[in-house]
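As structure tokens, the structure follows; a few thoughts come after it.
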Amino acid sequence: MEKYNKYERARIISARALQISMDAPILVKVPKGEYNPIIIARMELKEDVIPITIKRD
């Protein structure tokens, strides 16, 4: 079973990308020259270091 469904992943990545674009600290090692917050947020999600939780009812 997957940890998040596609809607939860989209919401987490978009929220984290917004945080990164507003100068939040980046929690993963980013390749030189990578500035796209969406790609960085995807990298963080892949490594499971995003400080966002999902509450399901």
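Ligands are numbered from 1 in the order shown, residues from 1 within each chain, and chains are lettered A, B, ... in the order they appear in the structure tokens.
With only C-alpha atoms taken into account, the protein and nucleic acid residues at most 12 Å from A:Arg11 (excluding it and anything under 2 positions from it in its own chain) are Tyr4, Asn5, Lys6, Tyr7, Glu8, Arg9, Ile13, Ser14, Ala15, Arg16, Ala17, Leu18, Ile38, Ala41, Arg42, Leu45, Ile52, Thr53 and Ile54 of chain A.
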Can you write just those residues out, C-alpha atoms, as a PDB file, in the first residue's frame?
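What follows is the written file selection_26.pdb:
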```pdb
ATOM      1  CA  TYR A   4       0.041   8.808   0.131  1.00  0.00           C
ATOM      2  CA  ASN A   5      -2.443   8.882  -2.725  1.00  0.00           C
ATOM      3  CA  LYS A   6      -1.894  11.156  -5.719  1.00  0.00           C
ATOM      4  CA  TYR A   7      -3.998  13.986  -4.294  1.00  0.00           C
ATOM      5  CA  GLU A   8      -2.140  13.981  -0.998  1.00  0.00           C
ATOM      6  CA  ARG A   9       1.218  13.936  -2.807  1.00  0.00           C
ATOM      7  CA  ILE A  13       4.487  19.010  -2.819  1.00  0.00           C
ATOM      8  CA  SER A  14       2.620  22.249  -3.558  1.00  0.00           C
ATOM      9  CA  ALA A  15       2.581  23.341   0.094  1.00  0.00           C
ATOM     10  CA  ARG A  16       6.269  22.522   0.543  1.00  0.00           C
ATOM     11  CA  ALA A  17       7.219  24.214  -2.743  1.00  0.00           C
ATOM     12  CA  LEU A  18       5.483  27.371  -1.531  1.00  0.00           C
ATOM     13  CA  ILE A  38       8.732  22.021  -7.029  1.00  0.00           C
ATOM     14  CA  ALA A  41       9.919  19.538  -2.807  1.00  0.00           C
ATOM     15  CA  ARG A  42       9.658  16.297  -4.814  1.00  0.00           C
ATOM     16  CA  LEU A  45       9.080  13.878  -0.443  1.00  0.00           C
ATOM     17  CA  ILE A  52       4.043  17.916   6.861  1.00  0.00           C
ATOM     18  CA  THR A  53       1.542  15.331   8.056  1.00  0.00           C
ATOM     19  CA  ILE A  54      -1.740  14.126   6.602  1.00  0.00           C
TER      20      ILE A  54
END
```
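Closest approach to A:Ser21 from the set A:Met43, A:Tyr35, A:Pro51, A:Asp57 is made by A:Tyr35, with distances taken over only C-alpha atoms.
Within chain A, the backbone-based DSSP assignment of alpha helix (DSSP H) covers Lys6, Tyr7, Glu8, Arg9, Ala10, Arg11, Ile12, Ile13, Ser14, Ala15, Arg16, Ala17, Leu18, Gln19, Ile20, Ser21, Pro37, Ile38, Ile39, Ile40, Ala41, Arg42, Met43, Glu44, Leu45 and Lys46 of chain A.
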Practice task
Could you tell me which of A:Pro37, A:Lys55, A:Ala10, A:Lys46 comes closest to A:Pro25 if we count only C-alpha atoms?
Solution key: A:Pro37
Exercise for the section: Would you mind reading off the distance between atom CA of A:Pro31 and atom CA of A:Glu2, one decimal, in Å? Expected result: 27.1 Å
Exercise for the section: Please indicate the distance in Å from atom CA of A:Lys29 to atom CA of A:Asp48, rounded to one decimal place. Expected result: 13.1 Å
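Between atom CA of A:Ile50 and atom CA of A:Asn36 the interatomic distance comes to 16.3 Å.
Between A:Glu44 and the candidates A:Ile12, A:Lys3, A:Met22, A:Lys32, the tightest atom-to-atom separation, counting only C-alpha atoms, involves A:Ile12.
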